[in-house]
Amino acid sequence: MAVFSRGFGSRRRESDPELPPGQYLTEDFPVLSAGPTPRIDTADWSFSITTESGQVTTWSWDQLMALPIEDVHTDIHCVTRWSKLGTTWRGVSLDTLFADIDTSDAYTMVESYGGYTTNVPLEDLLDGKAWIAFEFEGEPLDPEHGGPARLLVPHLYFWKSAKWVHGIRMHSDDDPGFWEQNGYNMYGDPWKEQRYW
Amino acid sequence: MAIVAGWLVGTVARAMRVTPQGRILVLDVPEWPGNLAGQHLDLRLTAEDGYQAVRSYSIASFGDGTTVELAVDMLPDGEVSPYLVEDVEPGDMLEVRGPLGNFFVWRDSQTEPVQLIAGGSGIVPLVSIARAHRAAASTAKFRMLYSVRAPEDAYYAPELAELVGDSFVLDWVYTRTAPVGFARAAGRITRADIEASTLPVADNPLVYVCGPTGFVETVARILVDLGHPAERIKTERFGGK
Ligand SMILES: Cc1cc2nc3c(=O)[nH]c(=O)nc-3n(C[C@H](O)[C@H](O)[C@H](O)COP(=O)(O)OP(=O)(O)OC[C@H]3O[C@@H](n4cnc5c(N)ncnc54)[C@H](O)[C@@H]3O)c2cc1C
């Protein structure tokens with residue numbers, strides 16, 4: 001049972017039943033990252049998937065743009081408590097990228113420019129649940145928010161939607177990534193409030 | 001250090017107005033497990049009808065002990081910070097959870113030079129790190145650059161002044177009003193300020209940057225442009241523009 005804070009609540013923001021527990025709505029787009037924002041030119045950008053056999057499949061920016069691009073409307077939830085409802089993104093589905101990938105590993109490590117990593121089970125990336133996103137609200141994605149491209153896995157807390165995404169490496173085990181080693185939950189379901197260890 | 005899973009009850013022990021917009025709050029949290037210098041906590045407020053709000057706050061205190069010190073800057077149109085700065089009084093109760101974050105921390109086993117750069121209330125975790133450095137009598141070279149609107153907006157100014165010594169250098173940037181006689185004209189932090197008033201790349205310092213998101217973005221970008229390796233720059237972004 002929570003203790004009551006005397007006199008608190010006069011300035012409350014409207015609570016919204018669509019939000020996961022402990023989240024509040026923001027119009028802004030706050031930034032969570034542990035270091036400087038990497039600046040990557042699309043000319044130098046690439047994305048690759050590396051499997052347990054060592055096979056590497058790589059896409060350049062132009063090759064990514066040539067794939068089917070989807071419009072995504074989704075809510076996003078950050079572990080630092082803010083949520084945004086009804087955001088609009090454009091990106092390439094991970095189903096498209098994994099279509100010809102041969103793997104029997106169940107886990108992935110998502111790797112970013114700048115050295116960040118985060119672990120996500122493969123099944124959370126497939127079946128229309130994740131994208132490599134490069135447009136937000138009709139504009140190219142800002143570097144601060146992960147541009148030129150970030151992973152978008154909106155059903156998990158947003159740190160799993162790795163900014164500055166560079167590749168995915170298949171793992172047989174659920175090994176912790178950078179954020180998970182530094183205190184964040186291994187899975188990160190906002191509806192279960194899986195924020196921290 | 002233990003991570004505590006649940007919410008812990010805290011009682012406000014002291015509340016001190018230290019700037020026109022901000023307060024230092026000292027909380028008694030009997031079950032607090034202690035924290036490393038630089039960590040933060042989540043603070044939860046519950047209204048009488050059960051409505052709750054949670055925000056993150058850095059911890060100015062460090063080490064063992066069940067007294068937790070915070071410093072909160074008021075955003076006038078905010079929900080939680082005006083309550084903490086204007087309304088809460090000693091004896092009032094709230095809840096905390098933590099400590100959180102194992103990356104933006106300093107341990108007294110670290111010996112490399114350290115540059116601390118704070119904007120506004122971003123000083124809080126850096127004060128904790130500076131206190132830990134002092135408490136350990138560490139000889140690691142420390143330098144701090146603190147950017148505030150005006151002298152009266154600085155948190156911990158007297159304490160920071162006292163830390164200055166052989167292994168702690170303190171520099172100021174005033175963005176709106178500089179004290180009389182201060183050499184640098186008031187204005188936002190620039191590349192020239194960082195070149196003039198922080199440890200050079202040649203020292204290979206570990207750099208901690210904390211403050212509003214826009215401040216952190218600006219400073220981190222300048223540091224990278226000056227040649228600091230990205231992996232030597234740790235950032236904590238408080239939000240806002
Ligand atoms: C890890 C971490 C540590 C933090 N430590 C501290 C601390 O030690 N001291 C402290 O005072 N604050 C700290 N903050 C910020 C704090 O969590 C709250 O965001 C802040 O107190 C505003 O809350 P609020 O409910 O009053 O405003 P809200 O009602 O949440 O927001 C009001 C408006 O201000 C904007 N906003 C939110 N945060 C900021 C900001 N920092 N600057 C400018 N505009 C903002 C919001 O987007 C919104 O538009 C920290 C944040 C993080 C993520």
# chains A, B, ... in the order shown; residues from 1 in each chain; ligands from 1

$ residues_around --residues "region 200-211 of chain B" --least-positions-apart "6" --cutoff "6 Å" --atoms "only C-alpha atoms" --output "list of chain:residue names"
B:Pro113, B:Val114, B:Gln115, B:Leu116, B:Ile117, B:Ala118, B:Gly119, B:Gly122, B:His228, B:Arg232, B:Ile233, B:Lys234, B:Thr235, B:Glu236, B:Arg237, B:Phe238

$ write_last_selection --atoms "C-alpha atoms" --output "JSON list (two decimals), in the first residue's frame"
[["chain", "number", "residue", "atom", "x", "y", "z"],
["B", 113, "PRO", "CA", 41.47, 12.40, -14.57],
["B", 114, "VAL", "CA", 37.80, 13.34, -14.49],
["B", 115, "GLN", "CA", 36.03, 16.31, -16.07],
["B", 116, "LEU", "CA", 32.55, 17.08, -14.71],
["B", 117, "ILE", "CA", 30.25, 19.36, -16.73],
["B", 118, "ALA", "CA", 26.87, 20.40, -15.32],
["B", 119, "GLY", "CA", 24.03, 22.58, -16.53],
["B", 122, "GLY", "CA", 22.48, 18.64, -13.60],
["B", 228, "HIS", "CA", 37.35, 13.31, -26.95],
["B", 232, "ARG", "CA", 35.10, 8.49, -22.61],
["B", 233, "ILE", "CA", 31.98, 10.69, -22.36],
["B", 234, "LYS", "CA", 29.19, 9.65, -19.99],
["B", 235, "THR", "CA", 25.94, 11.57, -20.16],
["B", 236, "GLU", "CA", 22.81, 11.89, -18.05],
["B", 237, "ARG", "CA", 19.93, 13.76, -19.73],
["B", 238, "PHE", "CA", 17.29, 15.24, -17.44]]

$ interface_residues --of "chain B" --to "chain A" --cutoff "7 Å" --atoms "only C-alpha atoms" --output "list of chain:residue names"
B:Leu45, B:Thr46, B:Ala47, B:Glu48, B:Val54, B:Glu79, B:Tyr83, B:Asp92, B:Met93, B:Leu94, B:Leu100, B:Gly101, B:Asn102, B:Phe103, B:Thr213, B:Glu217, B:Ala220, B:Arg221, B:Ala230, B:Ile233, B:Lys234, B:Thr235, B:Glu236, B:Arg237, B:Gly239, B:Gly240

$ residues_near_ligand --ligand "ligand 1" --cutoff "7 Å" --atoms "only C-alpha atoms and all ligand atoms" --output "mmCIF file with all heavy atoms, in the first residue's frame"
data_model
loop_
_atom_site.group_PDB
_atom_site.id
_atom_site.type_symbol
_atom_site.label_atom_id
_atom_site.label_comp_id
_atom_site.auth_asym_id
_atom_site.auth_seq_id
_atom_site.Cartn_x
_atom_site.Cartn_y
_atom_site.Cartn_z
ATOM 1 N N THR A 26 3.540 12.642 -22.807
ATOM 2 C CA THR A 26 4.313 13.845 -23.093
ATOM 3 C C THR A 26 4.149 14.219 -24.553
ATOM 4 O O THR A 26 3.942 13.354 -25.403
ATOM 5 C CB THR A 26 5.801 13.666 -22.753
ATOM 6 O OG1 THR A 26 6.482 14.889 -23.081
ATOM 7 C CG2 THR A 26 6.436 12.543 -23.534
ATOM 8 N N GLU A 27 4.190 15.504 -24.796
ATOM 9 C CA GLU A 27 4.188 16.002 -26.177
ATOM 10 C C GLU A 27 5.612 16.041 -26.726
ATOM 11 O O GLU A 27 5.831 16.045 -27.923
ATOM 12 C CB GLU A 27 3.588 17.421 -26.234
ATOM 13 C CG GLU A 27 2.136 17.497 -25.801
ATOM 14 C CD GLU A 27 1.226 16.691 -26.714
ATOM 15 O OE1 GLU A 27 1.362 16.825 -27.940
ATOM 16 O OE2 GLU A 27 0.406 15.919 -26.197
ATOM 17 N N ASP A 28 6.581 16.115 -25.812
ATOM 18 C CA ASP A 28 7.991 16.164 -26.215
ATOM 19 C C ASP A 28 8.447 14.774 -26.637
ATOM 20 O O ASP A 28 7.722 13.813 -26.544
ATOM 21 C CB ASP A 28 8.901 16.589 -25.054
ATOM 22 C CG ASP A 28 8.520 17.915 -24.474
ATOM 23 O OD1 ASP A 28 7.740 18.637 -25.112
ATOM 24 O OD2 ASP A 28 8.992 18.218 -23.370
ATOM 25 N N THR A 80 11.894 5.759 -18.663
ATOM 26 C CA THR A 80 11.952 6.935 -17.801
ATOM 27 C C THR A 80 10.578 7.585 -17.637
ATOM 28 O O THR A 80 10.491 8.741 -17.250
ATOM 29 C CB THR A 80 12.963 7.978 -18.297
ATOM 30 O OG1 THR A 80 12.527 8.437 -19.580
ATOM 31 C CG2 THR A 80 14.356 7.403 -18.409
ATOM 32 N N HIS B 40 20.721 7.544 -9.532
ATOM 33 C CA HIS B 40 19.463 8.255 -9.315
ATOM 34 C C HIS B 40 18.423 7.328 -8.713
ATOM 35 O O HIS B 40 18.684 6.146 -8.478
ATOM 36 C CB HIS B 40 18.965 8.894 -10.614
ATOM 37 C CG HIS B 40 18.611 7.948 -11.702
ATOM 38 N ND1 HIS B 40 19.533 7.423 -12.576
ATOM 39 C CD2 HIS B 40 17.427 7.419 -12.073
ATOM 40 C CE1 HIS B 40 18.942 6.621 -13.438
ATOM 41 N NE2 HIS B 40 17.643 6.588 -13.157
ATOM 42 N N ARG B 55 8.683 10.447 -10.938
ATOM 43 C CA ARG B 55 9.746 11.099 -11.703
ATOM 44 C C ARG B 55 11.096 10.599 -11.180
ATOM 45 O O ARG B 55 11.199 10.166 -10.042
ATOM 46 C CB ARG B 55 9.710 12.630 -11.546
ATOM 47 C CG ARG B 55 8.465 13.302 -12.075
ATOM 48 C CD ARG B 55 8.355 13.268 -13.597
ATOM 49 N NE ARG B 55 7.206 14.017 -14.052
ATOM 50 C CZ ARG B 55 5.964 13.534 -14.146
ATOM 51 N NH1 ARG B 55 5.719 12.274 -13.814
ATOM 52 N NH2 ARG B 55 4.971 14.298 -14.562
ATOM 53 N N SER B 56 12.131 10.750 -12.011
ATOM 54 C CA SER B 56 13.492 10.380 -11.603
ATOM 55 C C SER B 56 14.220 11.573 -11.007
ATOM 56 O O SER B 56 14.075 12.690 -11.520
ATOM 57 C CB SER B 56 14.284 9.901 -12.828
ATOM 58 O OG SER B 56 13.697 8.759 -13.390
ATOM 59 N N TYR B 57 15.006 11.350 -9.975
ATOM 60 C CA TYR B 57 15.877 12.400 -9.423
ATOM 61 C C TYR B 57 17.238 11.811 -9.084
ATOM 62 O O TYR B 57 17.323 10.709 -8.532
ATOM 63 C CB TYR B 57 15.230 13.057 -8.178
ATOM 64 C CG TYR B 57 14.017 13.866 -8.596
ATOM 65 C CD1 TYR B 57 12.743 13.321 -8.533
ATOM 66 C CD2 TYR B 57 14.175 15.125 -9.170
ATOM 67 C CE1 TYR B 57 11.641 14.027 -9.012
ATOM 68 C CE2 TYR B 57 13.084 15.835 -9.650
ATOM 69 C CZ TYR B 57 11.817 15.276 -9.576
ATOM 70 O OH TYR B 57 10.744 15.969 -10.069
ATOM 71 N N SER B 58 18.259 12.553 -9.429
ATOM 72 C CA SER B 58 19.612 12.149 -9.083
ATOM 73 C C SER B 58 19.823 12.324 -7.589
ATOM 74 O O SER B 58 19.122 13.083 -6.936
ATOM 75 C CB SER B 58 20.624 12.983 -9.861
ATOM 76 O OG SER B 58 20.486 12.727 -11.237
ATOM 77 N N ILE B 59 20.820 11.627 -7.079
ATOM 78 C CA ILE B 59 21.062 11.615 -5.644
ATOM 79 C C ILE B 59 22.359 12.375 -5.360
ATOM 80 O O ILE B 59 23.406 12.048 -5.916
ATOM 81 C CB ILE B 59 21.168 10.162 -5.132
ATOM 82 C CG1 ILE B 59 19.953 9.344 -5.599
ATOM 83 C CG2 ILE B 59 21.280 10.135 -3.613
ATOM 84 C CD1 ILE B 59 20.124 7.840 -5.411
ATOM 85 N N LEU B 70 18.379 15.094 -2.217
ATOM 86 C CA LEU B 70 18.030 15.442 -3.595
ATOM 87 C C LEU B 70 18.066 16.954 -3.742
ATOM 88 O O LEU B 70 17.972 17.670 -2.747
ATOM 89 C CB LEU B 70 16.606 14.974 -3.935
ATOM 90 C CG LEU B 70 16.209 13.554 -3.566
ATOM 91 C CD1 LEU B 70 14.740 13.313 -3.922
ATOM 92 C CD2 LEU B 70 17.096 12.545 -4.280
ATOM 93 N N ALA B 71 18.188 17.435 -4.958
ATOM 94 C CA ALA B 71 17.993 18.862 -5.225
ATOM 95 C C ALA B 71 17.069 18.957 -6.431
ATOM 96 O O ALA B 71 17.334 18.345 -7.462
ATOM 97 C CB ALA B 71 19.315 19.568 -5.494
ATOM 98 N N VAL B 72 15.987 19.688 -6.270
ATOM 99 C CA VAL B 72 14.945 19.718 -7.297
ATOM 100 C C VAL B 72 14.748 21.136 -7.800
ATOM 101 O O VAL B 72 14.573 22.072 -7.020
ATOM 102 C CB VAL B 72 13.611 19.177 -6.740
ATOM 103 C CG1 VAL B 72 12.543 19.208 -7.832
ATOM 104 C CG2 VAL B 72 13.801 17.764 -6.207
ATOM 105 N N ASP B 73 14.788 21.265 -9.118
ATOM 106 C CA ASP B 73 14.594 22.532 -9.790
ATOM 107 C C ASP B 73 13.135 22.588 -10.258
ATOM 108 O O ASP B 73 12.632 21.617 -10.804
ATOM 109 C CB ASP B 73 15.523 22.588 -11.006
ATOM 110 C CG ASP B 73 15.854 23.997 -11.416
ATOM 111 O OD1 ASP B 73 16.073 24.829 -10.524
ATOM 112 O OD2 ASP B 73 15.897 24.249 -12.627
ATOM 113 N N MET B 74 12.472 23.719 -10.057
ATOM 114 C CA MET B 74 11.058 23.788 -10.379
ATOM 115 C C MET B 74 10.835 24.175 -11.836
ATOM 116 O O MET B 74 11.331 25.193 -12.305
ATOM 117 C CB MET B 74 10.376 24.803 -9.480
ATOM 118 C CG MET B 74 8.892 24.925 -9.765
ATOM 119 S SD MET B 74 8.038 25.752 -8.444
ATOM 120 C CE MET B 74 8.552 27.431 -8.751
ATOM 121 N N LEU B 75 10.056 23.347 -12.543
ATOM 122 C CA LEU B 75 9.540 23.748 -13.846
ATOM 123 C C LEU B 75 8.146 24.288 -13.573
ATOM 124 O O LEU B 75 7.279 23.544 -13.142
ATOM 125 C CB LEU B 75 9.454 22.547 -14.787
ATOM 126 C CG LEU B 75 10.761 21.840 -15.088
ATOM 127 C CD1 LEU B 75 10.520 20.632 -15.979
ATOM 128 C CD2 LEU B 75 11.723 22.791 -15.770
ATOM 129 N N ASP B 77 5.445 24.942 -15.083
ATOM 130 C CA ASP B 77 4.252 24.260 -15.575
ATOM 131 C C ASP B 77 4.327 22.755 -15.375
ATOM 132 O O ASP B 77 3.584 22.000 -15.991
ATOM 133 C CB ASP B 77 4.006 24.590 -17.060
ATOM 134 C CG ASP B 77 5.156 24.104 -17.945
ATOM 135 O OD1 ASP B 77 6.236 23.792 -17.395
ATOM 136 O OD2 ASP B 77 4.974 24.030 -19.172
ATOM 137 N N GLY B 78 5.212 22.327 -14.501
ATOM 138 C CA GLY B 78 5.370 20.896 -14.255
ATOM 139 C C GLY B 78 4.369 20.386 -13.241
ATOM 140 O O GLY B 78 3.675 21.143 -12.559
ATOM 141 N N GLU B 79 4.328 19.068 -13.139
ATOM 142 C CA GLU B 79 3.392 18.444 -12.212
ATOM 143 C C GLU B 79 4.052 18.124 -10.869
ATOM 144 O O GLU B 79 3.512 18.436 -9.813
ATOM 145 C CB GLU B 79 2.869 17.141 -12.840
ATOM 146 C CG GLU B 79 1.958 16.386 -11.911
ATOM 147 C CD GLU B 79 1.446 15.089 -12.495
ATOM 148 O OE1 GLU B 79 1.782 14.762 -13.646
ATOM 149 O OE2 GLU B 79 0.711 14.399 -11.786
ATOM 150 N N VAL B 80 5.215 17.521 -10.912
ATOM 151 C CA VAL B 80 5.844 17.027 -9.685
ATOM 152 C C VAL B 80 6.792 18.055 -9.070
ATOM 153 O O VAL B 80 6.785 18.274 -7.859
ATOM 154 C CB VAL B 80 6.591 15.702 -9.981
ATOM 155 C CG1 VAL B 80 7.469 15.283 -8.816
ATOM 156 C CG2 VAL B 80 5.580 14.602 -10.313
ATOM 157 N N SER B 81 7.613 18.689 -9.903
ATOM 158 C CA SER B 81 8.646 19.554 -9.322
ATOM 159 C C SER B 81 8.065 20.745 -8.533
ATOM 160 O O SER B 81 8.621 21.085 -7.487
ATOM 161 C CB SER B 81 9.655 20.001 -10.382
ATOM 162 O OG SER B 81 9.052 20.731 -11.420
ATOM 163 N N PRO B 82 6.952 21.383 -8.944
ATOM 164 C CA PRO B 82 6.416 22.463 -8.093
ATOM 165 C C PRO B 82 5.961 21.952 -6.731
ATOM 166 O O PRO B 82 6.099 22.649 -5.722
ATOM 167 C CB PRO B 82 5.234 23.004 -8.907
ATOM 168 C CG PRO B 82 5.538 22.636 -10.320
ATOM 169 C CD PRO B 82 6.226 21.296 -10.225
ATOM 170 N N SER B 121 20.340 22.055 -12.692
ATOM 171 C CA SER B 121 20.212 21.019 -11.664
ATOM 172 C C SER B 121 21.008 19.767 -12.030
ATOM 173 O O SER B 121 21.118 18.847 -11.219
ATOM 174 C CB SER B 121 18.747 20.665 -11.439
ATOM 175 O OG SER B 121 18.143 20.269 -12.657
ATOM 176 N N GLY B 122 21.588 19.739 -13.215
ATOM 177 C CA GLY B 122 22.479 18.643 -13.600
ATOM 178 C C GLY B 122 23.696 18.530 -12.700
ATOM 179 O O GLY B 122 24.468 17.575 -12.790
ATOM 180 N N VAL B 124 23.518 17.826 -9.636
ATOM 181 C CA VAL B 124 23.237 16.922 -8.508
ATOM 182 C C VAL B 124 24.105 15.655 -8.502
ATOM 183 O O VAL B 124 24.807 15.401 -7.519
ATOM 184 C CB VAL B 124 21.730 16.582 -8.420
ATOM 185 C CG1 VAL B 124 21.475 15.608 -7.277
ATOM 186 C CG2 VAL B 124 20.917 17.848 -8.241
ATOM 187 N N PRO B 125 24.103 14.855 -9.578
ATOM 188 C CA PRO B 125 24.940 13.647 -9.504
ATOM 189 C C PRO B 125 26.431 13.982 -9.501
ATOM 190 O O PRO B 125 27.249 13.200 -9.008
ATOM 191 C CB PRO B 125 24.554 12.871 -10.772
ATOM 192 C CG PRO B 125 24.027 13.902 -11.707
ATOM 193 C CD PRO B 125 23.354 14.937 -10.843
ATOM 194 N N PRO B 212 19.874 19.481 -18.555
ATOM 195 C CA PRO B 212 18.775 19.378 -19.502
ATOM 196 C C PRO B 212 19.278 18.770 -20.817
ATOM 197 O O PRO B 212 20.441 18.953 -21.182
ATOM 198 C CB PRO B 212 18.334 20.833 -19.724
ATOM 199 C CG PRO B 212 18.901 21.601 -18.588
ATOM 200 C CD PRO B 212 20.129 20.863 -18.144
ATOM 201 N N GLU B 236 24.108 12.104 -18.689
ATOM 202 C CA GLU B 236 22.810 11.894 -18.048
ATOM 203 C C GLU B 236 21.931 13.050 -18.488
ATOM 204 O O GLU B 236 22.251 14.219 -18.252
ATOM 205 C CB GLU B 236 22.977 11.908 -16.524
ATOM 206 C CG GLU B 236 21.729 11.530 -15.755
ATOM 207 C CD GLU B 236 21.544 10.019 -15.583
ATOM 208 O OE1 GLU B 236 21.111 9.364 -16.542
ATOM 209 O OE2 GLU B 236 21.864 9.514 -14.492
ATOM 210 N N ARG B 237 20.823 12.730 -19.197
ATOM 211 C CA ARG B 237 19.925 13.762 -19.734
ATOM 212 C C ARG B 237 18.692 13.850 -18.858
ATOM 213 O O ARG B 237 18.002 12.858 -18.665
ATOM 214 C CB ARG B 237 19.547 13.409 -21.168
ATOM 215 C CG ARG B 237 20.714 13.484 -22.167
ATOM 216 C CD ARG B 237 20.341 12.788 -23.468
ATOM 217 N NE ARG B 237 21.319 12.969 -24.542
ATOM 218 C CZ ARG B 237 22.413 12.245 -24.706
ATOM 219 N NH1 ARG B 237 22.724 11.312 -23.828
ATOM 220 N NH2 ARG B 237 23.229 12.462 -25.726
ATOM 221 N N PHE B 238 18.394 15.046 -18.387
ATOM 222 C CA PHE B 238 17.286 15.245 -17.444
ATOM 223 C C PHE B 238 15.953 15.474 -18.145
ATOM 224 O O PHE B 238 14.920 15.477 -17.498
ATOM 225 C CB PHE B 238 17.556 16.445 -16.534
ATOM 226 C CG PHE B 238 18.392 16.128 -15.322
ATOM 227 C CD1 PHE B 238 18.966 14.880 -15.150
ATOM 228 C CD2 PHE B 238 18.589 17.101 -14.346
ATOM 229 C CE1 PHE B 238 19.729 14.600 -14.019
ATOM 230 C CE2 PHE B 238 19.349 16.832 -13.212
ATOM 231 C CZ PHE B 238 19.926 15.588 -13.046
ATOM 232 N N GLY B 239 15.950 15.757 -19.427
ATOM 233 C CA GLY B 239 14.688 16.020 -20.120
ATOM 234 C C GLY B 239 14.638 17.452 -20.621
ATOM 235 O O GLY B 239 15.597 18.202 -20.471
ATOM 236 N N GLY B 240 13.525 17.812 -21.196
ATOM 237 C CA GLY B 240 13.367 19.164 -21.719
ATOM 238 C C GLY B 240 14.071 19.326 -23.040
ATOM 239 O O GLY B 240 14.526 18.369 -23.651
ATOM 240 N N LYS B 241 14.169 20.557 -23.473
ATOM 241 C CA LYS B 241 14.729 20.823 -24.796
ATOM 242 C C LYS B 241 16.248 20.939 -24.723
ATOM 243 O O LYS B 241 16.780 21.394 -23.753
ATOM 244 C CB LYS B 241 14.154 22.142 -25.352
ATOM 245 C CG LYS B 241 12.659 22.036 -25.674
ATOM 246 C CD LYS B 241 12.425 21.420 -27.052
ATOM 247 C CE LYS B 241 11.148 20.562 -27.116
ATOM 248 N NZ LYS B 241 9.949 21.256 -26.655
#

$ select_by_dssp --residues "chain A" --states "helix (DSSP H, G or I)" --output "count of residues only"
26

$ residues_around --residues "Thr11 (chain B)" --least-positions-apart "4" --cutoff "10 Å" --atoms "only C-alpha atoms" --output "PyMOL selection string"
(chain A and resi 5) or (chain B and resi 26-30+67+89-95)

$ write_last_selection --atoms "all heavy atoms" --output "CSV table (one decimal), in the first residue's frame"
chain,number,residue,atom,x,y,z
A,5,SER,N,1.0,11.3,-0.1
A,5,SER,CA,1.8,12.5,0.0
A,5,SER,C,0.8,13.7,0.2
A,5,SER,O,0.1,14.0,-0.7
A,5,SER,CB,2.7,12.7,-1.2
A,5,SER,OG,3.6,11.7,-1.3
B,26,VAL,N,16.1,16.6,2.0
B,26,VAL,CA,16.8,15.5,2.7
B,26,VAL,C,15.7,14.6,3.1
B,26,VAL,O,14.8,15.0,3.9
B,26,VAL,CB,17.7,16.0,3.8
B,26,VAL,CG1,18.4,14.8,4.5
B,26,VAL,CG2,18.7,17.0,3.3
B,27,LEU,N,15.8,13.3,2.7
B,27,LEU,CA,14.8,12.3,3.0
B,27,LEU,C,15.4,11.3,4.0
B,27,LEU,O,16.6,10.9,3.8
B,27,LEU,CB,14.4,11.6,1.8
B,27,LEU,CG,14.0,12.4,0.6
B,27,LEU,CD1,13.6,11.5,-0.6
B,27,LEU,CD2,12.8,13.4,0.9
B,28,ASP,N,14.6,10.8,4.9
B,28,ASP,CA,14.9,9.7,5.8
B,28,ASP,C,14.3,8.5,5.1
B,28,ASP,O,13.0,8.4,5.0
B,28,ASP,CB,14.3,9.9,7.2
B,28,ASP,CG,15.3,10.5,8.1
B,28,ASP,OD1,16.5,10.4,7.8
B,28,ASP,OD2,14.9,11.1,9.1
B,29,VAL,N,15.1,7.5,4.7
B,29,VAL,CA,14.5,6.3,4.1
B,29,VAL,C,15.1,5.1,4.8
B,29,VAL,O,16.2,4.7,4.5
B,29,VAL,CB,14.9,6.2,2.6
B,29,VAL,CG1,14.2,5.0,1.9
B,29,VAL,CG2,14.6,7.5,1.8
B,30,PRO,N,14.4,4.7,5.9
B,30,PRO,CA,15.0,3.7,6.8
B,30,PRO,C,15.5,2.4,6.1
B,30,PRO,O,16.5,1.8,6.5
B,30,PRO,CB,13.9,3.3,7.7
B,30,PRO,CG,13.0,4.5,7.7
B,30,PRO,CD,13.1,5.1,6.3
B,67,THR,N,20.0,8.3,4.8
B,67,THR,CA,19.6,9.7,4.5
B,67,THR,C,19.9,9.9,3.0
B,67,THR,O,21.0,9.7,2.6
B,67,THR,CB,20.5,10.7,5.3
B,67,THR,OG1,20.2,10.4,6.7
B,67,THR,CG2,20.1,12.1,5.1
B,89,GLU,N,6.7,19.5,2.9
B,89,GLU,CA,7.3,20.0,4.2
B,89,GLU,C,7.9,18.9,5.0
B,89,GLU,O,7.5,17.7,4.8
B,89,GLU,CB,6.2,20.7,5.0
B,89,GLU,CG,5.8,22.0,4.5
B,89,GLU,CD,4.5,22.5,5.3
B,89,GLU,OE1,4.2,22.0,6.3
B,89,GLU,OE2,3.8,23.4,4.7
B,90,PRO,N,8.8,19.2,5.9
B,90,PRO,CA,9.4,18.2,6.8
B,90,PRO,C,8.2,17.4,7.5
B,90,PRO,O,7.2,18.0,7.9
B,90,PRO,CB,10.2,19.0,7.8
B,90,PRO,CG,10.7,20.2,7.0
B,90,PRO,CD,9.5,20.5,6.1
B,91,GLY,N,8.4,16.1,7.5
B,91,GLY,CA,7.4,15.3,8.1
B,91,GLY,C,6.5,14.6,7.0
B,91,GLY,O,5.8,13.6,7.3
B,92,ASP,N,6.4,15.2,5.8
B,92,ASP,CA,5.6,14.6,4.8
B,92,ASP,C,6.3,13.3,4.2
B,92,ASP,O,7.5,13.2,4.3
B,92,ASP,CB,5.4,15.6,3.6
B,92,ASP,CG,4.5,16.8,4.0
B,92,ASP,OD1,3.8,16.6,5.0
B,92,ASP,OD2,4.5,17.8,3.2
B,93,MET,N,5.4,12.5,3.7
B,93,MET,CA,5.9,11.2,3.3
B,93,MET,C,5.8,11.0,1.7
B,93,MET,O,4.9,11.6,1.1
B,93,MET,CB,5.1,10.1,3.9
B,93,MET,CG,5.4,10.1,5.4
B,93,MET,SD,5.2,8.4,6.1
B,93,MET,CE,3.5,8.3,6.1
B,94,LEU,N,6.7,10.3,1.2
B,94,LEU,CA,6.7,10.0,-0.2
B,94,LEU,C,7.4,8.6,-0.4
B,94,LEU,O,7.8,8.0,0.6
B,94,LEU,CB,7.3,11.1,-1.1
B,94,LEU,CG,8.5,11.8,-0.5
B,94,LEU,CD1,9.7,10.9,-0.6
B,94,LEU,CD2,8.8,13.0,-1.2
B,95,GLU,N,7.5,8.2,-1.6
B,95,GLU,CA,8.2,6.9,-1.8
B,95,GLU,C,9.3,7.0,-2.8
B,95,GLU,O,9.2,7.8,-3.7
B,95,GLU,CB,7.1,5.8,-2.3
B,95,GLU,CG,6.1,5.5,-1.2
B,95,GLU,CD,5.0,4.6,-1.8
B,95,GLU,OE1,4.3,5.2,-2.6
B,95,GLU,OE2,4.9,3.5,-1.4

$ residues_around --residues "region 157-171 of chain B" --least-positions-apart "6" --cutoff "6 Å" --atoms "only C-alpha atoms" --output "list of chain:residue names"
B:Thr139, B:Lys141, B:Phe142, B:Arg143, B:Met144, B:Leu145

$ atom_distance --atom1 "CA of Gly50 (chain B)" --atom2 "CA of Pro76 (chain B)"
23.7 Å

$ atom_distance --atom1 "CA of Asp62 (chain A)" --atom2 "CA of Ile49 (chain A)"
16.6 Å

$ atom_distance --atom1 "CA of Asp127 (chain A)" --atom2 "CA of Pro148 (chain A)"
23.8 Å

$ residues_around --residues "region 162-174 of chain A" --least-positions-apart "2" --cutoff "7 Å" --atoms "only C-alpha atoms" --output "list in words"
Ser46, Phe47, Ser48, Ile49, Thr50, Thr51, Glu52, Asp105, Ala106, Tyr107, Thr108, Met109, Val110, Glu111, Ser112, Tyr113, Thr118, Asn119, His145, Gly146, Gly147, Pro148, Ala149, Arg150, Leu151, Trp159, Lys160 and Pro176 of chain A

$ residues_around --residues "His77 (chain A)" --least-positions-apart "4" --cutoff "9 Å" --atoms "only C-alpha atoms" --output "VMD selection string"
chain A and resid 19 to 20 23 81 to 85 154 to 158 190
